[in-house]
>>> print(open('query.cif').read())   # mmCIF, C-alpha atoms
data_input
#
loop_
_atom_site.group_PDB
_atom_site.id
_atom_site.type_symbol
_atom_site.label_atom_id
_atom_site.label_comp_id
_atom_site.auth_asym_id
_atom_site.auth_seq_id
_atom_site.Cartn_x
_atom_site.Cartn_y
_atom_site.Cartn_z
ATOM 1 C CA MET I 25 61.522 6.297 151.489
ATOM 2 C CA LYS I 26 62.541 6.029 155.129
ATOM 3 C CA ASN I 27 65.879 7.468 156.146
ATOM 4 C CA HIS I 28 68.184 7.882 159.133
ATOM 5 C CA LEU I 29 69.200 11.429 158.394
ATOM 6 C CA LYS I 30 67.802 12.894 161.609
ATOM 7 C CA ALA I 31 69.716 10.397 163.768
ATOM 8 C CA LEU I 32 72.933 10.917 161.800
ATOM 9 C CA ARG I 33 72.592 14.680 162.093
ATOM 10 C CA ALA I 34 71.897 14.403 165.828
ATOM 11 C CA GLU I 35 75.063 12.272 166.276
ATOM 12 C CA GLN I 36 77.065 15.153 164.830
ATOM 13 C CA GLY I 37 75.186 17.731 166.905
ATOM 14 C CA TRP I 38 74.261 19.674 163.792
ATOM 15 C CA SER I 39 71.127 21.737 163.303
ATOM 16 C CA GLN I 40 69.077 21.348 160.140
ATOM 17 C CA ALA I 41 70.429 24.698 158.954
ATOM 18 C CA THR I 42 74.038 23.592 159.542
ATOM 19 C CA LEU I 43 73.509 20.383 157.602
ATOM 20 C CA GLY I 44 71.728 22.317 154.861
ATOM 21 C CA ASP I 45 74.678 24.707 154.570
ATOM 22 C CA GLN I 46 77.101 21.800 154.177
ATOM 23 C CA LEU I 47 74.925 20.234 151.476
ATOM 24 C CA ASP I 48 74.130 23.558 149.793
ATOM 25 C CA VAL I 49 70.384 23.151 150.310
ATOM 26 C CA SER I 50 67.860 24.949 152.513
ATOM 27 C CA ARG I 51 66.867 24.049 156.071
ATOM 28 C CA GLN I 52 63.383 23.389 154.707
ATOM 29 C CA THR I 53 64.765 20.743 152.366
ATOM 30 C CA ILE I 54 66.548 18.943 155.211
ATOM 31 C CA ASN I 55 63.336 19.107 157.253
ATOM 32 C CA ALA I 56 61.295 17.657 154.372
ATOM 33 C CA ILE I 57 63.788 14.797 153.827
ATOM 34 C CA GLU I 58 63.931 13.950 157.529
ATOM 35 C CA ALA I 59 60.130 13.978 157.773
ATOM 36 C CA GLY I 60 59.900 11.662 154.749
ATOM 37 C CA ARG I 61 57.933 14.234 152.759
ATOM 38 C CA TYR I 62 60.598 14.511 150.094
ATOM 39 C CA ASP I 63 62.953 11.983 148.536
ATOM 40 C CA PRO I 64 66.221 13.651 147.483
ATOM 41 C CA SER I 65 67.635 13.407 143.992
ATOM 42 C CA LEU I 66 70.448 10.920 143.397
ATOM 43 C CA PRO I 67 73.152 13.671 143.353
ATOM 44 C CA LEU I 68 71.899 15.000 146.711
ATOM 45 C CA ALA I 69 71.655 11.488 148.148
ATOM 46 C CA PHE I 70 75.300 10.897 147.140
ATOM 47 C CA LYS I 71 76.307 14.207 148.752
ATOM 48 C CA ILE I 72 74.557 13.214 151.985
ATOM 49 C CA ALA I 73 76.181 9.776 151.951
ATOM 50 C CA ARG I 74 79.635 11.249 151.315
ATOM 51 C CA LEU I 75 79.229 13.808 154.094
ATOM 52 C CA PHE I 76 78.447 11.109 156.662
ATOM 53 C CA GLY I 77 80.952 8.623 155.210
ATOM 54 C CA LYS I 78 78.267 6.032 154.529
ATOM 55 C CA SER I 79 76.627 4.428 151.546
ATOM 56 C CA ILE I 80 73.255 5.612 150.263
ATOM 57 C CA GLU I 81 71.703 2.310 151.375
ATOM 58 C CA ASP I 82 72.954 2.896 154.930
ATOM 59 C CA ILE I 83 71.004 6.150 155.095
ATOM 60 C CA PHE I 84 67.965 5.525 152.897
ATOM 61 C CA GLU I 85 65.667 2.507 152.996
ATOM 62 C CA ASP I 86 63.541 1.549 150.046
ATOM 63 C CA GLU I 87 60.096 0.752 151.416
ATOM 64 C CA THR I 88 58.830 -1.004 148.285
ATOM 65 C CA MET G 18 73.154 30.556 146.967
ATOM 66 C CA THR G 19 70.639 30.378 149.817
ATOM 67 C CA SER G 20 66.895 30.384 149.208
ATOM 68 C CA GLU G 21 66.703 33.745 151.030
ATOM 69 C CA GLN G 22 69.217 35.265 148.606
ATOM 70 C CA ALA G 23 67.352 33.769 145.635
ATOM 71 C CA THR G 24 64.049 35.168 146.967
ATOM 72 C CA TYR G 25 65.602 38.611 147.434
ATOM 73 C CA ARG G 26 67.037 38.549 143.902
ATOM 74 C CA PHE G 27 63.631 37.492 142.554
ATOM 75 C CA PHE G 28 61.625 40.253 144.220
ATOM 76 C CA LYS G 29 64.305 42.835 143.361
ATOM 77 C CA VAL G 30 63.470 42.253 139.681
ATOM 78 C CA PHE G 31 59.843 41.076 139.857
ATOM 79 C CA VAL G 32 58.400 44.008 141.842
ATOM 80 C CA PRO G 33 59.888 46.780 139.646
ATOM 81 C CA ALA G 34 58.871 44.833 136.526
ATOM 82 C CA MET G 35 55.276 44.598 137.757
ATOM 83 C CA LEU G 36 55.264 48.298 138.700
ATOM 84 C CA VAL G 37 56.441 49.151 135.175
ATOM 85 C CA TYR G 38 53.762 46.832 133.758
ATOM 86 C CA ILE G 39 50.948 48.384 135.817
ATOM 87 C CA GLY G 40 52.191 51.951 135.284
ATOM 88 C CA ALA G 41 52.659 51.574 131.527
ATOM 89 C CA THR G 42 49.291 49.848 131.181
ATOM 90 C CA ALA G 43 47.576 52.614 133.171
ATOM 91 C CA VAL G 44 49.181 55.325 131.019
ATOM 92 C CA ILE G 45 48.252 53.558 127.763
ATOM 93 C CA VAL G 46 44.659 52.951 128.894
ATOM 94 C CA HIS G 47 44.334 56.572 130.081
ATOM 95 C CA LEU G 48 45.639 57.966 126.779
ATOM 96 C CA THR G 49 43.463 55.581 124.759
ATOM 97 C CA ASP G 50 40.333 56.439 126.761
ATOM 98 C CA ASN G 51 40.957 60.157 126.215
ATOM 99 C CA GLY G 52 41.478 59.595 122.503
ATOM 100 C CA ASP G 53 44.970 61.131 122.747
ATOM 101 C CA LEU G 54 46.795 58.051 121.510
ATOM 102 C CA HIS G 55 47.619 57.663 117.835
ATOM 103 C CA ALA G 56 47.783 54.048 116.628
ATOM 104 C CA TYR G 57 51.515 54.337 115.859
ATOM 105 C CA THR G 58 52.153 55.723 119.344
ATOM 106 C CA LEU G 59 50.266 52.762 120.791
ATOM 107 C CA TYR G 60 52.482 50.357 118.830
ATOM 108 C CA ALA G 61 55.521 52.239 120.087
ATOM 109 C CA LEU G 62 54.369 52.116 123.730
ATOM 110 C CA ILE G 63 53.015 48.575 123.944
ATOM 111 C CA PRO G 64 56.519 46.955 124.088
ATOM 112 C CA VAL G 65 56.967 48.596 127.504
ATOM 113 C CA PRO G 66 54.361 46.496 129.428
ATOM 114 C CA ILE G 67 55.142 43.461 127.261
ATOM 115 C CA GLY G 68 58.862 43.841 128.044
ATOM 116 C CA ALA G 69 57.997 44.101 131.755
ATOM 117 C CA ILE G 70 56.085 40.808 131.544
ATOM 118 C CA PHE G 71 59.057 39.175 129.833
ATOM 119 C CA VAL G 72 61.384 40.430 132.567
ATOM 120 C CA ALA G 73 58.985 39.146 135.276
ATOM 121 C CA PHE G 74 58.925 35.669 133.728
ATOM 122 C CA TRP G 75 62.685 35.700 133.315
ATOM 123 C CA ALA G 76 62.972 36.543 137.037
ATOM 124 C CA GLN G 77 60.640 33.628 137.793
ATOM 125 C CA TRP G 78 62.814 31.301 135.687
ATOM 126 C CA ARG G 79 66.025 32.485 137.388
ATOM 127 C CA PHE G 80 64.384 32.143 140.817
ATOM 128 C CA ALA G 81 63.388 28.528 140.148
ATOM 129 C CA SER G 82 66.893 27.794 138.830
ATOM 130 C CA GLU G 83 68.573 29.247 141.918
ATOM 131 C CA LEU G 84 66.450 27.399 144.480
ATOM 132 C CA ASP G 85 67.414 23.954 145.719
ATOM 133 C CA GLU G 86 65.604 20.915 144.321
ATOM 134 C CA PHE G 87 62.883 20.678 146.999
ATOM 135 C CA LEU G 88 61.919 24.367 146.907
ATOM 136 C CA ARG G 89 62.152 24.371 143.100
ATOM 137 C CA GLN G 90 59.681 21.486 142.996
ATOM 138 C CA ILE G 91 57.203 23.573 145.003
ATOM 139 C CA GLN G 92 57.657 26.563 142.685
ATOM 140 C CA ILE G 93 57.085 24.390 139.624
ATOM 141 C CA LYS G 94 53.960 22.830 141.134
ATOM 142 C CA GLY G 95 52.598 26.310 141.915
ATOM 143 C CA THR G 96 53.369 27.474 138.389
ATOM 144 C CA PHE G 97 51.619 24.410 136.985
ATOM 145 C CA VAL G 98 48.496 25.191 139.023
ATOM 146 C CA GLY G 99 48.608 28.785 137.722
ATOM 147 C CA ILE G 100 48.950 27.652 134.099
ATOM 148 C CA ALA G 101 46.209 25.050 134.512
ATOM 149 C CA CYS G 102 43.867 27.648 136.002
ATOM 150 C CA VAL G 103 44.495 30.118 133.165
ATOM 151 C CA MET G 104 44.011 27.394 130.536
ATOM 152 C CA ILE G 105 40.780 26.182 132.147
ATOM 153 C CA ILE G 106 39.370 29.717 132.415
ATOM 154 C CA ALA G 107 40.459 30.653 128.865
ATOM 155 C CA SER G 108 39.151 27.444 127.309
ATOM 156 C CA GLY G 109 35.988 27.215 129.393
ATOM 157 C CA TRP G 110 35.010 30.852 128.998
ATOM 158 C CA GLY G 111 36.063 30.765 125.337
ATOM 159 C CA GLN G 112 33.627 27.921 124.713
ATOM 160 C CA LEU G 113 30.870 29.845 126.488
ATOM 161 C CA GLU G 114 31.612 32.927 124.362
ATOM 162 C CA ARG G 115 31.428 30.789 121.229
ATOM 163 C CA LEU G 116 28.351 28.781 122.145
ATOM 164 C CA ALA G 117 26.427 31.028 124.517
ATOM 165 C CA ASP G 118 25.869 34.724 124.773
ATOM 166 C CA VAL G 119 28.226 35.467 127.634
ATOM 167 C CA PRO G 120 30.167 38.724 127.933
ATOM 168 C CA THR G 121 33.680 38.740 126.457
ATOM 169 C CA LEU G 122 36.453 38.135 128.971
ATOM 170 C CA PRO G 123 39.389 40.415 128.084
ATOM 171 C CA VAL G 124 42.469 38.195 127.764
ATOM 172 C CA PHE G 125 44.309 41.013 129.508
ATOM 173 C CA TRP G 126 43.089 39.476 132.778
ATOM 174 C CA LEU G 127 44.783 36.123 132.206
ATOM 175 C CA LEU G 128 48.177 37.367 133.381
ATOM 176 C CA PRO G 129 46.959 38.801 136.726
ATOM 177 C CA ILE G 130 44.906 35.622 137.213
ATOM 178 C CA PHE G 131 48.030 33.537 136.561
ATOM 179 C CA TRP G 132 50.207 35.484 139.018
ATOM 180 C CA GLY G 133 47.463 35.456 141.661
ATOM 181 C CA VAL G 134 46.746 31.737 141.405
ATOM 182 C CA GLN G 135 50.445 30.860 141.126
ATOM 183 C CA GLY G 136 51.219 32.872 144.264
ATOM 184 C CA LEU G 137 48.356 31.376 146.251
ATOM 185 C CA ALA G 138 49.079 27.827 145.072
ATOM 186 C CA THR G 139 52.792 28.141 145.891
ATOM 187 C CA THR G 140 51.943 29.479 149.353
ATOM 188 C CA PHE G 141 49.441 26.670 149.956
ATOM 189 C CA ILE G 142 51.842 23.947 148.770
ATOM 190 C CA SER G 143 54.692 25.465 150.818
ATOM 191 C CA ARG G 144 52.554 25.354 153.967
ATOM 192 C CA ARG G 145 51.467 21.799 153.242
ATOM 193 C CA GLU G 146 55.109 20.752 152.750
ATOM 194 C CA GLY G 147 56.122 22.411 156.017
ATOM 195 C CA VAL G 148 58.273 25.132 154.453
ATOM 196 C CA PHE G 149 56.755 27.704 156.823
#
>>> encode(input="query.cif", output="C-alpha cells")
Amino acid sequence: MKNHLKALRAEQGWSQATLGDQLDVSRQTINAIEAGRYDPSLPLAFKIARLFGKSIEDIFEDET
Amino acid sequence: MTSEQATYRFFKVFVPAMLVYIGATAVIVHLTDNGDLHAYTLYALIPVPIGAIFVAFWAQWRFASELDEFLRQIQIKGTFVGIACVMIIASGWGQLERLADVPTLPVFWLLPIFWGVQGLATTFISRREGVF
C-alpha cells in the first residue's frame, strides 16, 4: 500500500521518533510504514488518520 | 511502553533465567556423572532448570506482547523460524535414528538450537526490515 505519511509528517516538521511517540509505536515502525515495507493494522491506520485530521483513504492508497 | 523499555524488561528476566538454567543443568550433570545424585534428588532438582525455561518463555511472551505491531511481527516470524528448525531437526533426525544407524541426538539440545536459531532469524529479519 502506498501512503503519504512521510509528506504529512514533514509538513508538521516532526521526526519519525516524534510521530512514533504520538502514535505509541516505535520509530522503526514509522520508518517501515513510510518505506512501504509494512502496512499498519486498522486501529493504527485510524490513529494516524485522526492525528493528521484526515481520512484513512487520504493517507493510504490501495494499489490493487 | 517503548520498544527499548520492553527489550530491557525482557533481558532483565531472560538472562537470569538462562543463567539459572545453565547453572542448574551443570550442577545436575556434574552430580550425576560423579554418581552422587540419588534418583529422588534428581526429581527434586529437575524443576529448577525446567522452571527457568518456563520463565524464559514467559519473558518472551511478555516481550512480544509489549512491542508494537511491526516489531511484534518480526519477533513472531523469528520464533516461527526457530520452531520450524527444531521440528525439522527433531523429525528428520528422529527418522534417521529409526531407519538408519545414526547416533542418538539428545533432545536436550533442541532448546539451545531453538534459542540460537530464533535469535539469528530475528536479527536477520530485523536487518532486512530496516529496524537497524
>>> interface_residues(input="query.cif", of="chain G", to="chain I", cutoff="12 Å", atoms="only C-alpha atoms", output="list in words")
Met18, Thr19, Ser20, Glu21, Gln22, Ala23, Glu83, Leu84, Asp85, Glu86, Phe87, Leu88, Arg89, Gln90, Ile91, Ser143, Arg144, Arg145, Glu146, Gly147, Val148 and Phe149 of chain G
>>> resolve_selection(input="query.cif", expression="the PyMOL selection byres ((chain I and resi 82) around 12)", output="PDB file with C-alpha atoms, keeping the file's coordinate frame")
ATOM      1  CA  LYS I  26      62.541   6.029 155.129  1.00  0.00           C
ATOM      2  CA  ASN I  27      65.879   7.468 156.146  1.00  0.00           C
ATOM      3  CA  HIS I  28      68.184   7.882 159.133  1.00  0.00           C
ATOM      4  CA  LEU I  29      69.200  11.429 158.394  1.00  0.00           C
ATOM      5  CA  LEU I  32      72.933  10.917 161.800  1.00  0.00           C
ATOM      6  CA  ALA I  69      71.655  11.488 148.148  1.00  0.00           C
ATOM      7  CA  PHE I  70      75.300  10.897 147.140  1.00  0.00           C
ATOM      8  CA  ILE I  72      74.557  13.214 151.985  1.00  0.00           C
ATOM      9  CA  ALA I  73      76.181   9.776 151.951  1.00  0.00           C
ATOM     10  CA  ARG I  74      79.635  11.249 151.315  1.00  0.00           C
ATOM     11  CA  PHE I  76      78.447  11.109 156.662  1.00  0.00           C
ATOM     12  CA  GLY I  77      80.952   8.623 155.210  1.00  0.00           C
ATOM     13  CA  LYS I  78      78.267   6.032 154.529  1.00  0.00           C
ATOM     14  CA  SER I  79      76.627   4.428 151.546  1.00  0.00           C
ATOM     15  CA  ILE I  80      73.255   5.612 150.263  1.00  0.00           C
ATOM     16  CA  GLU I  81      71.703   2.310 151.375  1.00  0.00           C
ATOM     17  CA  ILE I  83      71.004   6.150 155.095  1.00  0.00           C
ATOM     18  CA  PHE I  84      67.965   5.525 152.897  1.00  0.00           C
ATOM     19  CA  GLU I  85      65.667   2.507 152.996  1.00  0.00           C
ATOM     20  CA  ASP I  86      63.541   1.549 150.046  1.00  0.00           C
TER      21      ASP I  86
END
>>> atom_distance(input="query.cif", atom1="atom CA of Phe31 of chain G", atom2="atom CA of Ala61 of chain G")
23.1 Å
>>> closest_residue(input="query.cif", among="G:Trp110, G:Tyr25, G:Tyr60, G:Phe74", to="Trp132 of chain G", atoms="all atoms listed in the file")
G:Phe74
>>> atom_distance(input="query.cif", atom1="atom CA of Leu116 of chain G", atom2="atom CA of Gln135 of chain G")
29.2 Å
>>> closest_residue(input="query.cif", among="G:Leu62, G:Met104, G:Ile93, G:Ala81", to="Val124 of chain G", atoms="only C-alpha atoms")
G:Met104
>>> atom_distance(input="query.cif", atom1="atom CA of Trp126 of chain G", atom2="atom CA of Gly40 of chain G")
15.6 Å
>>> closest_residue(input="query.cif", among="G:Thr49, G:Ala41, G:Ala73, G:Ala56", to="Phe28 of chain G", atoms="all atoms listed in the file")
G:Ala73
>>> decode(input="query.cif", residues="segment 21-128 of chain G", atoms="C-alpha atoms", output="short mmCIF file (atom, residue, chain, number, x, y, z; two decimals), in the first residue's frame")
data_model
loop_
_atom_site.label_atom_id
_atom_site.label_comp_id
_atom_site.auth_asym_id
_atom_site.auth_seq_id
_atom_site.Cartn_x
_atom_site.Cartn_y
_atom_site.Cartn_z
CA GLU G 21 13.66 -0.09 24.37
CA GLN G 22 11.83 -0.46 27.69
CA ALA G 23 10.27 -3.74 26.53
CA THR G 24 13.70 -5.03 25.44
CA TYR G 25 15.21 -4.06 28.80
CA ARG G 26 12.38 -5.79 30.68
CA PHE G 27 12.86 -8.89 28.51
CA PHE G 28 16.60 -9.24 29.07
CA LYS G 29 16.21 -8.45 32.78
CA VAL G 30 14.24 -11.70 33.11
CA PHE G 31 15.62 -13.78 30.23
CA VAL G 32 19.34 -13.54 31.11
CA PRO G 33 18.97 -14.55 34.79
CA ALA G 34 16.58 -17.34 33.77
CA MET G 35 19.12 -18.71 31.29
CA LEU G 36 21.92 -18.42 33.86
CA VAL G 37 19.80 -20.42 36.32
CA TYR G 38 19.06 -22.96 33.57
CA ILE G 39 22.73 -23.40 32.63
CA GLY G 40 23.92 -23.40 36.25
CA ALA G 41 21.31 -25.89 37.45
CA THR G 42 21.92 -28.13 34.45
CA ALA G 43 25.69 -28.05 35.05
CA VAL G 44 25.24 -28.94 38.73
CA ILE G 45 22.83 -31.80 37.94
CA VAL G 46 25.09 -33.20 35.21
CA HIS G 47 28.16 -32.93 37.47
CA LEU G 48 26.42 -34.73 40.35
CA THR G 49 25.02 -37.39 38.01
CA ASP G 50 28.41 -38.00 36.38
CA ASN G 51 30.03 -38.43 39.80
CA GLY G 52 27.30 -40.83 40.87
CA ASP G 53 26.45 -38.56 43.82
CA LEU G 54 22.85 -37.97 42.78
CA HIS G 55 20.08 -40.17 44.13
CA ALA G 56 17.10 -40.56 41.79
CA TYR G 57 14.77 -38.76 44.23
CA THR G 58 17.24 -35.88 44.49
CA LEU G 59 17.29 -35.67 40.70
CA TYR G 60 13.48 -35.45 40.63
CA ALA G 61 13.66 -32.75 43.29
CA LEU G 62 16.29 -30.73 41.37
CA ILE G 63 14.99 -31.04 37.82
CA PRO G 64 12.14 -28.49 38.34
CA VAL G 65 14.83 -25.81 38.72
CA PRO G 66 16.08 -25.80 35.07
CA ILE G 67 12.56 -26.59 33.82
CA GLY G 68 11.18 -23.64 35.81
CA ALA G 69 13.91 -21.43 34.33
CA ILE G 70 12.84 -22.45 30.81
CA PHE G 71 9.23 -21.64 31.67
CA VAL G 72 10.25 -18.21 32.96
CA ALA G 73 12.33 -17.57 29.79
CA PHE G 74 9.36 -18.39 27.55
CA TRP G 75 7.06 -16.27 29.69
CA ALA G 76 9.52 -13.37 29.26
CA GLN G 77 9.46 -13.98 25.50
CA TRP G 78 5.64 -13.90 25.52
CA ARG G 79 5.55 -10.68 27.57
CA PHE G 80 8.19 -9.11 25.30
CA ALA G 81 6.15 -9.85 22.17
CA SER G 82 3.02 -8.50 23.87
CA GLU G 83 4.72 -5.25 24.86
CA LEU G 84 6.22 -4.48 21.45
CA ASP G 85 4.28 -2.53 18.84
CA GLU G 86 2.63 -4.42 15.98
CA PHE G 87 5.50 -4.13 13.47
CA LEU G 88 8.24 -5.24 15.89
CA ARG G 89 5.96 -7.96 17.28
CA GLN G 90 5.51 -9.31 13.76
CA ILE G 91 9.29 -9.63 13.42
CA GLN G 92 9.56 -11.42 16.77
CA ILE G 93 6.81 -13.86 15.79
CA LYS G 94 8.44 -14.56 12.43
CA GLY G 95 11.77 -15.25 14.18
CA THR G 96 10.06 -17.54 16.67
CA PHE G 97 8.36 -19.39 13.82
CA VAL G 98 11.72 -19.95 12.11
CA GLY G 99 13.12 -21.27 15.41
CA ILE G 100 10.19 -23.65 15.91
CA ALA G 101 10.35 -24.82 12.30
CA CYS G 102 14.07 -25.50 12.61
CA VAL G 103 13.63 -27.52 15.82
CA MET G 104 10.75 -29.51 14.30
CA ILE G 105 12.70 -30.24 11.12
CA ILE G 106 15.80 -31.35 13.06
CA ALA G 107 13.76 -33.43 15.55
CA SER G 108 11.64 -35.09 12.87
CA GLY G 109 14.43 -35.54 10.33
CA TRP G 110 16.97 -36.88 12.80
CA GLY G 111 14.27 -38.95 14.50
CA GLN G 112 13.52 -40.67 11.20
CA LEU G 113 17.23 -41.33 10.67
CA GLU G 114 17.50 -42.80 14.18
CA ARG G 115 14.53 -45.05 13.45
CA LEU G 116 15.52 -46.12 9.96
CA ALA G 117 19.30 -45.83 9.92
CA ASP G 118 22.01 -46.41 12.44
CA VAL G 119 22.78 -42.81 13.30
CA PRO G 120 23.87 -41.70 16.77
CA THR G 121 21.10 -40.54 19.12
CA LEU G 122 20.61 -36.78 19.27
CA PRO G 123 19.88 -35.81 22.89
CA VAL G 124 16.64 -33.81 22.88
CA PHE G 125 18.33 -31.62 25.47
CA TRP G 126 19.91 -29.77 22.53
CA LEU G 127 16.60 -28.73 20.99
CA LEU G 128 16.15 -25.79 23.35
#
